[in-house]
Each structure stands twice: as C-alpha cells, then as structure tokens.
>>> print(open('input-v6.pdb').read())   # PDB, C-alpha atoms and all ligand atoms
ATOM      1  CA  MET A   1     -61.849   1.780   2.979  1.00  0.00           C
ATOM      2  CA  SER A   2     -59.195  -0.070   1.083  1.00  0.00           C
ATOM      3  CA  GLN A   3     -56.981   0.957  -1.786  1.00  0.00           C
ATOM      4  CA  LEU A   4     -58.609   1.658  -5.093  1.00  0.00           C
ATOM      5  CA  GLU A   5     -57.784  -0.516  -8.021  1.00  0.00           C
ATOM      6  CA  TRP A   6     -58.103   0.214 -11.690  1.00  0.00           C
ATOM      7  CA  GLN A   7     -61.165  -1.484 -13.139  1.00  0.00           C
ATOM      8  CA  ASP A   8     -62.235  -2.273 -16.685  1.00  0.00           C
ATOM      9  CA  GLU A   9     -65.276  -0.034 -16.355  1.00  0.00           C
ATOM     10  CA  PHE A  10     -62.949   2.990 -15.954  1.00  0.00           C
ATOM     11  CA  GLU A  11     -61.441   2.372 -19.350  1.00  0.00           C
ATOM     12  CA  THR A  12     -62.396   5.021 -21.943  1.00  0.00           C
ATOM     13  CA  GLY A  13     -60.309   3.534 -24.722  1.00  0.00           C
ATOM     14  CA  ILE A  14     -58.438   6.831 -25.049  1.00  0.00           C
ATOM     15  CA  SER A  15     -55.025   6.127 -23.626  1.00  0.00           C
ATOM     16  CA  VAL A  16     -54.124   9.730 -22.755  1.00  0.00           C
ATOM     17  CA  ILE A  17     -57.315   9.987 -20.665  1.00  0.00           C
ATOM     18  CA  ASP A  18     -56.917   6.551 -19.120  1.00  0.00           C
ATOM     19  CA  SER A  19     -53.384   7.317 -18.030  1.00  0.00           C
ATOM     20  CA  GLN A  20     -54.516  10.601 -16.426  1.00  0.00           C
ATOM     21  CA  HIS A  21     -57.318   8.761 -14.621  1.00  0.00           C
ATOM     22  CA  LYS A  22     -54.808   6.162 -13.413  1.00  0.00           C
ATOM     23  CA  ARG A  23     -52.654   8.926 -12.029  1.00  0.00           C
ATOM     24  CA  ILE A  24     -55.645  10.396 -10.167  1.00  0.00           C
ATOM     25  CA  ILE A  25     -56.368   6.982  -8.653  1.00  0.00           C
ATOM     26  CA  HIS A  26     -52.721   6.752  -7.646  1.00  0.00           C
ATOM     27  CA  TYR A  27     -53.021  10.085  -5.800  1.00  0.00           C
ATOM     28  CA  ILE A  28     -56.261   8.989  -4.117  1.00  0.00           C
ATOM     29  CA  ASN A  29     -54.422   5.900  -2.853  1.00  0.00           C
ATOM     30  CA  GLN A  30     -51.549   8.064  -1.637  1.00  0.00           C
ATOM     31  CA  LEU A  31     -54.064  10.142   0.294  1.00  0.00           C
ATOM     32  CA  HIS A  32     -55.381   6.938   1.819  1.00  0.00           C
ATOM     33  CA  ASP A  33     -51.833   5.981   2.872  1.00  0.00           C
ATOM     34  CA  ALA A  34     -51.142   9.423   4.307  1.00  0.00           C
ATOM     35  CA  GLU A  35     -54.251   9.129   6.424  1.00  0.00           C
ATOM     36  CA  ARG A  36     -53.357   5.633   7.582  1.00  0.00           C
ATOM     37  CA  LEU A  37     -49.844   6.752   8.493  1.00  0.00           C
ATOM     38  CA  ASN A  38     -51.299   9.758  10.239  1.00  0.00           C
ATOM     39  CA  ASP A  39     -48.729  11.938   8.542  1.00  0.00           C
ATOM     40  CA  PRO A  40     -50.012  15.524   8.222  1.00  0.00           C
ATOM     41  CA  GLN A  41     -47.094  16.711   6.116  1.00  0.00           C
ATOM     42  CA  LEU A  42     -47.552  13.908   3.618  1.00  0.00           C
ATOM     43  CA  THR A  43     -51.292  14.604   3.597  1.00  0.00           C
ATOM     44  CA  THR A  44     -50.683  18.229   2.679  1.00  0.00           C
ATOM     45  CA  GLU A  45     -48.301  17.235  -0.098  1.00  0.00           C
ATOM     46  CA  VAL A  46     -50.679  14.671  -1.554  1.00  0.00           C
ATOM     47  CA  LEU A  47     -53.626  17.032  -1.277  1.00  0.00           C
ATOM     48  CA  ILE A  48     -51.773  19.702  -3.233  1.00  0.00           C
ATOM     49  CA  ASN A  49     -50.753  17.224  -5.950  1.00  0.00           C
ATOM     50  CA  LEU A  50     -54.137  15.588  -6.148  1.00  0.00           C
ATOM     51  CA  ILE A  51     -56.064  18.836  -6.405  1.00  0.00           C
ATOM     52  CA  ASP A  52     -53.638  20.395  -8.830  1.00  0.00           C
ATOM     53  CA  TYR A  53     -53.559  17.360 -11.074  1.00  0.00           C
ATOM     54  CA  THR A  54     -57.332  16.839 -11.037  1.00  0.00           C
ATOM     55  CA  LEU A  55     -57.997  20.464 -11.953  1.00  0.00           C
ATOM     56  CA  SER A  56     -55.509  20.287 -14.835  1.00  0.00           C
ATOM     57  CA  HIS A  57     -57.085  17.049 -15.960  1.00  0.00           C
ATOM     58  CA  PHE A  58     -60.559  18.628 -15.974  1.00  0.00           C
ATOM     59  CA  ALA A  59     -59.319  21.547 -18.078  1.00  0.00           C
ATOM     60  CA  PHE A  60     -57.612  19.116 -20.446  1.00  0.00           C
ATOM     61  CA  GLU A  61     -60.775  17.034 -20.778  1.00  0.00           C
ATOM     62  CA  GLU A  62     -62.918  20.109 -21.424  1.00  0.00           C
ATOM     63  CA  SER A  63     -60.587  21.253 -24.150  1.00  0.00           C
ATOM     64  CA  LEU A  64     -60.604  17.792 -25.694  1.00  0.00           C
ATOM     65  CA  MET A  65     -64.420  17.609 -25.644  1.00  0.00           C
ATOM     66  CA  GLU A  66     -64.612  21.063 -27.176  1.00  0.00           C
ATOM     67  CA  ASP A  67     -62.230  20.206 -30.003  1.00  0.00           C
ATOM     68  CA  ALA A  68     -64.142  16.999 -30.681  1.00  0.00           C
ATOM     69  CA  GLY A  69     -67.439  18.919 -30.821  1.00  0.00           C
ATOM     70  CA  TYR A  70     -68.989  16.982 -27.950  1.00  0.00           C
ATOM     71  CA  ARG A  71     -72.619  18.067 -27.645  1.00  0.00           C
ATOM     72  CA  ALA A  72     -73.042  17.619 -23.914  1.00  0.00           C
ATOM     73  CA  LEU A  73     -69.925  19.648 -23.120  1.00  0.00           C
ATOM     74  CA  ASP A  74     -71.857  22.194 -21.014  1.00  0.00           C
ATOM     75  CA  ILE A  75     -73.407  19.519 -18.830  1.00  0.00           C
ATOM     76  CA  HIS A  76     -70.048  17.859 -18.335  1.00  0.00           C
ATOM     77  CA  LYS A  77     -68.435  21.209 -17.547  1.00  0.00           C
ATOM     78  CA  ARG A  78     -71.097  21.942 -14.950  1.00  0.00           C
ATOM     79  CA  THR A  79     -70.328  18.631 -13.275  1.00  0.00           C
ATOM     80  CA  HIS A  80     -66.662  19.628 -13.177  1.00  0.00           C
ATOM     81  CA  ASP A  81     -67.646  23.059 -11.799  1.00  0.00           C
ATOM     82  CA  ALA A  82     -69.567  21.448  -8.949  1.00  0.00           C
ATOM     83  CA  PHE A  83     -66.520  19.367  -8.132  1.00  0.00           C
ATOM     84  CA  ARG A  84     -64.170  22.370  -8.359  1.00  0.00           C
ATOM     85  CA  GLU A  85     -66.411  24.140  -5.827  1.00  0.00           C
ATOM     86  CA  LYS A  86     -66.282  21.192  -3.435  1.00  0.00           C
ATOM     87  CA  ILE A  87     -62.519  20.960  -3.794  1.00  0.00           C
ATOM     88  CA  LYS A  88     -62.077  24.667  -3.049  1.00  0.00           C
ATOM     89  CA  ASN A  89     -64.092  24.184   0.085  1.00  0.00           C
ATOM     90  CA  TYR A  90     -61.942  21.282   1.279  1.00  0.00           C
ATOM     91  CA  GLN A  91     -58.812  23.215   0.427  1.00  0.00           C
ATOM     92  CA  GLN A  92     -60.002  26.122   2.557  1.00  0.00           C
ATOM     93  CA  ARG A  93     -60.916  23.884   5.471  1.00  0.00           C
ATOM     94  CA  HIS A  94     -57.517  22.199   5.225  1.00  0.00           C
ATOM     95  CA  ILE A  95     -55.800  25.608   5.249  1.00  0.00           C
ATOM     96  CA  ASN A  96     -57.829  26.480   8.342  1.00  0.00           C
ATOM     97  CA  GLY A  97     -56.289  23.488  10.068  1.00  0.00           C
ATOM     98  CA  GLU A  98     -59.187  21.067   9.832  1.00  0.00           C
ATOM     99  CA  ASP A  99     -58.473  17.408   9.085  1.00  0.00           C
ATOM    100  CA  VAL A 100     -60.474  16.793   5.924  1.00  0.00           C
ATOM    101  CA  THR A 101     -58.538  13.757   4.681  1.00  0.00           C
ATOM    102  CA  HIS A 102     -61.107  11.107   5.419  1.00  0.00           C
ATOM    103  CA  GLU A 103     -64.051  13.131   4.136  1.00  0.00           C
ATOM    104  CA  LEU A 104     -62.175  14.051   1.000  1.00  0.00           C
ATOM    105  CA  PHE A 105     -61.055  10.480   0.462  1.00  0.00           C
ATOM    106  CA  GLU A 106     -64.684   9.346   0.628  1.00  0.00           C
ATOM    107  CA  LEU A 107     -65.834  12.075  -1.743  1.00  0.00           C
ATOM    108  CA  LEU A 108     -63.139  11.140  -4.243  1.00  0.00           C
ATOM    109  CA  ASN A 109     -63.919   7.492  -3.903  1.00  0.00           C
ATOM    110  CA  ILE A 110     -67.585   7.966  -4.602  1.00  0.00           C
ATOM    111  CA  TRP A 111     -67.878  11.074  -6.726  1.00  0.00           C
ATOM    112  CA  LEU A 112     -64.739  11.024  -8.811  1.00  0.00           C
ATOM    113  CA  ILE A 113     -64.796   7.313  -9.446  1.00  0.00           C
ATOM    114  CA  ASN A 114     -68.437   7.437 -10.542  1.00  0.00           C
ATOM    115  CA  HIS A 115     -67.602  10.376 -12.738  1.00  0.00           C
ATOM    116  CA  ILE A 116     -64.823   8.458 -14.445  1.00  0.00           C
ATOM    117  CA  ALA A 117     -66.896   5.326 -14.900  1.00  0.00           C
ATOM    118  CA  GLU A 118     -70.034   7.084 -16.116  1.00  0.00           C
ATOM    119  CA  ASP A 119     -69.698  10.690 -17.292  1.00  0.00           C
ATOM    120  CA  ASP A 120     -66.291  10.283 -18.853  1.00  0.00           C
ATOM    121  CA  ASN A 121     -67.437   7.186 -20.626  1.00  0.00           C
ATOM    122  CA  SER A 122     -70.264   9.214 -22.177  1.00  0.00           C
ATOM    123  CA  TYR A 123     -67.920  11.542 -24.021  1.00  0.00           C
ATOM    124  CA  ALA A 124     -65.437   8.842 -24.994  1.00  0.00           C
ATOM    125  CA  PRO A 125     -67.320   7.568 -28.084  1.00  0.00           C
ATOM    126  CA  THR A 126     -67.486  11.115 -29.537  1.00  0.00           C
ATOM    127  CA  ILE A 127     -63.749  11.563 -29.050  1.00  0.00           C
ATOM    128  CA  ARG A 128     -62.964   8.193 -30.553  1.00  0.00           C
ATOM    129  CA  GLU A 129     -65.214   8.943 -33.502  1.00  0.00           C
ATOM    130  CA  ASN A 130     -64.269  12.578 -34.186  1.00  0.00           C
ATOM    131  CA  MET A 131     -60.623  12.360 -33.236  1.00  0.00           C
ATOM    132  CA  PRO A 132     -59.660   8.870 -34.321  1.00  0.00           C
ATOM    133  CA  GLY A 133     -55.957   9.646 -34.248  1.00  0.00           C
ATOM    134  CA  ILE A 134     -55.974  10.955 -30.689  1.00  0.00           C
ATOM    135  CA  ASP A 135     -53.574   8.314 -29.453  1.00  0.00           C
ATOM    136  CA  SER A 136     -51.470   8.119 -32.573  1.00  0.00           C
ATOM    137  CA  ASN A 137     -48.593  10.184 -33.884  1.00  0.00           C
ATOM    138  CA  GLU A 138     -50.930  12.094 -36.138  1.00  0.00           C
ATOM    139  CA  GLN A 139     -52.193  14.018 -33.135  1.00  0.00           C
ATOM    140  CA  ALA A 140     -48.876  14.162 -31.343  1.00  0.00           C
ATOM    141  CA  SER A 141     -48.414  17.902 -31.698  1.00  0.00           C
ATOM    142  CA  TRP A 142     -52.008  18.577 -30.658  1.00  0.00           C
ATOM    143  CA  LEU A 143     -51.515  16.448 -27.555  1.00  0.00           C
ATOM    144  CA  LYS A 144     -48.152  17.937 -26.737  1.00  0.00           C
ATOM    145  CA  GLN A 145     -49.539  21.433 -26.953  1.00  0.00           C
ATOM    146  CA  LYS A 146     -52.517  20.642 -24.730  1.00  0.00           C
ATOM    147  CA  ILE A 147     -50.428  18.838 -22.152  1.00  0.00           C
ATOM    148  CA  GLN A 148     -48.037  21.757 -22.022  1.00  0.00           C
ATOM    149  CA  ARG A 149     -50.918  24.155 -21.645  1.00  0.00           C
ATOM    150  CA  PHE A 150     -52.734  22.372 -18.852  1.00  0.00           C
ATOM    151  CA  PHE A 151     -50.112  20.458 -16.934  1.00  0.00           C
ATOM    152  CA  GLN A 152     -47.398  23.029 -16.305  1.00  0.00           C
TER
HETATM  153 FE    FE B   1     -64.804  14.502 -16.564  1.00  0.00          FE
END
>>> encode(input="input-v6.pdb", output="structure tokens")
Amino acid sequence: MSQLEWQDEFETGISVIDSQHKRIIHYINQLHDAERLNDPQLTTEVLINLIDYTLSHFAFEESLMEDAGYRALDIHKRTHDAFREKIKNYQQRHINGEDVTHELFELLNIWLINHIAEDDNSYAPTIRENMPGIDSNEQASWLKQKIQRFFQ
C-alpha cells in the first residue's frame, strides 16, 4: 500500500477536527515508513504516538459532539469503543513481541479512513450549526480548555 494523502472527502469544514485528522494520517504514513524501513524501534515509537493521539482525538470529538447536542452521539461513541478495543488488542500483541505493523496499517487505512470520511462527516453539520464559532476566537477558550484536557 502506498502513502495516504489528504482528500476532499475527509474535510469536515471544522478546522480543529481537520487538523487532528491530518495529524492522524501523518502518523499512519509514518507507520508505513517504519514498516518499509523495517525499523522496530521506530515502529514502536510511531505506534505509541499514533495510538495515544487517536485516543485523545476520539475523546475530544466525543466531548465536542456532546457539547453540540449531537443526537447520534451514542452510536458514534460505540464505533469509537469498537476501535479502542481493537487498538488495545494490537497494543497487547505488539507488547508480546508480535509484528502487527502491517495488519494495523491495513486496519487504519480501511477503518479509520472510512470513519473520517463517513461517520465524522455525519456529525459535522450539527457542530457547524450549533457551534458556529468553533473555529473563531469566540470559542478560543473553550477550545483551549478541551485541547488541554485531552491532549496532555
Ligand atoms: Fe469519530
């Protein structure tokens, strides 16, 4: 598989979310490189960053959907839960010394990318409608607080 590139269909129109998704794609590509270079230490580093960042991003998204009063929050959360379970499993297998890079790369490529293009685009209109200032200064303190809470 080749490197992933940002596509228009990933765009949610919420710049804080789009930039987090871009960062996830960046980590997925790093994982791809680590596998190609056959560098186990780099793989471990990228895996830790990727998992950590994705989990923080999910928590951030859930909090955002909650504050915006998104009706299908529970369904979206369950989708995240399923992914968190899968991730835990890969993490454990990696700790046990198994090489899960390729499998994980494929999962991320298919599952996470579909999730961004479809599920995340389902909540985006509610956020844009109920939190119109999300990307403006008006919400700056809200954003700052959330980012501090979930990304540290
Ligand atoms: Fe999501």
>>> closest_atom_pairs(input="input-v6.pdb", of="chain A", to="ligand FE 1 (chain B)", cutoff="10 Å", atoms="all atoms listed in the file", output="JSON lines")
{"residue": "A:Ile17", "atom": "CA", "partner": "B:FE1", "partner_atom": "FE", "distance": 9.7}
{"residue": "A:His21", "atom": "CA", "partner": "B:FE1", "partner_atom": "FE", "distance": 9.6}
{"residue": "A:Thr54", "atom": "CA", "partner": "B:FE1", "partner_atom": "FE", "distance": 9.6}
{"residue": "A:His57", "atom": "CA", "partner": "B:FE1", "partner_atom": "FE", "distance": 8.2}
{"residue": "A:Phe58", "atom": "CA", "partner": "B:FE1", "partner_atom": "FE", "distance": 5.9}
{"residue": "A:Ala59", "atom": "CA", "partner": "B:FE1", "partner_atom": "FE", "distance": 9.1}
{"residue": "A:Phe60", "atom": "CA", "partner": "B:FE1", "partner_atom": "FE", "distance": 9.4}
{"residue": "A:Glu61", "atom": "CA", "partner": "B:FE1", "partner_atom": "FE", "distance": 6.4}
{"residue": "A:Glu62", "atom": "CA", "partner": "B:FE1", "partner_atom": "FE", "distance": 7.7}
{"residue": "A:Met65", "atom": "CA", "partner": "B:FE1", "partner_atom": "FE", "distance": 9.6}
{"residue": "A:Leu73", "atom": "CA", "partner": "B:FE1", "partner_atom": "FE", "distance": 9.8}
{"residue": "A:His76", "atom": "CA", "partner": "B:FE1", "partner_atom": "FE", "distance": 6.5}
{"residue": "A:Lys77", "atom": "CA", "partner": "B:FE1", "partner_atom": "FE", "distance": 7.7}
{"residue": "A:Arg78", "atom": "CA", "partner": "B:FE1", "partner_atom": "FE", "distance": 9.9}
{"residue": "A:Thr79", "atom": "CA", "partner": "B:FE1", "partner_atom": "FE", "distance": 7.6}
{"residue": "A:His80", "atom": "CA", "partner": "B:FE1", "partner_atom": "FE", "distance": 6.4}
{"residue": "A:Phe83", "atom": "CA", "partner": "B:FE1", "partner_atom": "FE", "distance": 9.9}
{"residue": "A:Leu112", "atom": "CA", "partner": "B:FE1", "partner_atom": "FE", "distance": 8.5}
{"residue": "A:Asn114", "atom": "CA", "partner": "B:FE1", "partner_atom": "FE", "distance": 10.0}
{"residue": "A:His115", "atom": "CA", "partner": "B:FE1", "partner_atom": "FE", "distance": 6.3}
{"residue": "A:Ile116", "atom": "CA", "partner": "B:FE1", "partner_atom": "FE", "distance": 6.4}
{"residue": "A:Ala117", "atom": "CA", "partner": "B:FE1", "partner_atom": "FE", "distance": 9.6}
{"residue": "A:Glu118", "atom": "CA", "partner": "B:FE1", "partner_atom": "FE", "distance": 9.1}
{"residue": "A:Asp119", "atom": "CA", "partner": "B:FE1", "partner_atom": "FE", "distance": 6.2}
{"residue": "A:Asp120", "atom": "CA", "partner": "B:FE1", "partner_atom": "FE", "distance": 5.0}
{"residue": "A:Asn121", "atom": "CA", "partner": "B:FE1", "partner_atom": "FE", "distance": 8.8}
{"residue": "A:Ser122", "atom": "CA", "partner": "B:FE1", "partner_atom": "FE", "distance": 9.4}
{"residue": "A:Tyr123", "atom": "CA", "partner": "B:FE1", "partner_atom": "FE", "distance": 8.6}
>>> resolve_selection(input="input-v6.pdb", expression="the PyMOL selection byres (((chain A and resi 104-107) around 10) and not hetatm)", output="short mmCIF file (atom, residue, chain, number, x, y, z; two decimals) with C-alpha atoms, keeping the file's coordinate frame")
data_model
loop_
_atom_site.label_atom_id
_atom_site.label_comp_id
_atom_site.auth_asym_id
_atom_site.auth_seq_id
_atom_site.Cartn_x
_atom_site.Cartn_y
_atom_site.Cartn_z
CA MET A 1 -61.85 1.78 2.98
CA ILE A 28 -56.26 8.99 -4.12
CA ASN A 29 -54.42 5.90 -2.85
CA LEU A 31 -54.06 10.14 0.29
CA HIS A 32 -55.38 6.94 1.82
CA GLU A 35 -54.25 9.13 6.42
CA LEU A 47 -53.63 17.03 -1.28
CA PHE A 83 -66.52 19.37 -8.13
CA LYS A 86 -66.28 21.19 -3.44
CA ILE A 87 -62.52 20.96 -3.79
CA TYR A 90 -61.94 21.28 1.28
CA GLN A 91 -58.81 23.22 0.43
CA ASP A 99 -58.47 17.41 9.09
CA VAL A 100 -60.47 16.79 5.92
CA THR A 101 -58.54 13.76 4.68
CA HIS A 102 -61.11 11.11 5.42
CA GLU A 103 -64.05 13.13 4.14
CA LEU A 108 -63.14 11.14 -4.24
CA ASN A 109 -63.92 7.49 -3.90
CA ILE A 110 -67.58 7.97 -4.60
CA TRP A 111 -67.88 11.07 -6.73
CA LEU A 112 -64.74 11.02 -8.81
CA ILE A 113 -64.80 7.31 -9.45
#
>>> resolve_selection(input="input-v6.pdb", expression="the PyMOL selection byres (((chain A and resi 145-148) around 12) and not hetatm)", output="list in words")
Val16, Ile17, Gln20, Tyr53, Ser56, His57, Phe58, Ala59, Phe60, Glu61, Glu62, Ser63, Leu64, Asp67, Ile134, Gln139, Ala140, Ser141, Trp142, Leu143, Lys144, Arg149, Phe150, Phe151 and Gln152 of chain A
>>> resolve_selection(input="input-v6.pdb", expression="the PyMOL selection byres (((chain A and resi 125) around 12) and not hetatm)", output="PyMOL selection string")
chain A and resi 11-14+65+68-71+119-124+126-132
>>> atom_distance(input="input-v6.pdb", atom1="CA of Ser15 in chain A", atom2="CA of Gly133 in chain A")
11.2 Å
>>> atom_distance(input="input-v6.pdb", atom1="CA of Phe10 in chain A", atom2="CA of Ile25 in chain A")
10.6 Å
>>> closest_residue(input="input-v6.pdb", among="A:Ile51, A:Ile24, A:Leu42, A:Leu4", to="Asn89 in chain A", atoms="all atoms listed in the file")
A:Ile51
>>> atom_distance(input="input-v6.pdb", atom1="CA of Ala72 in chain A", atom2="CA of Asp18 in chain A")
20.1 Å
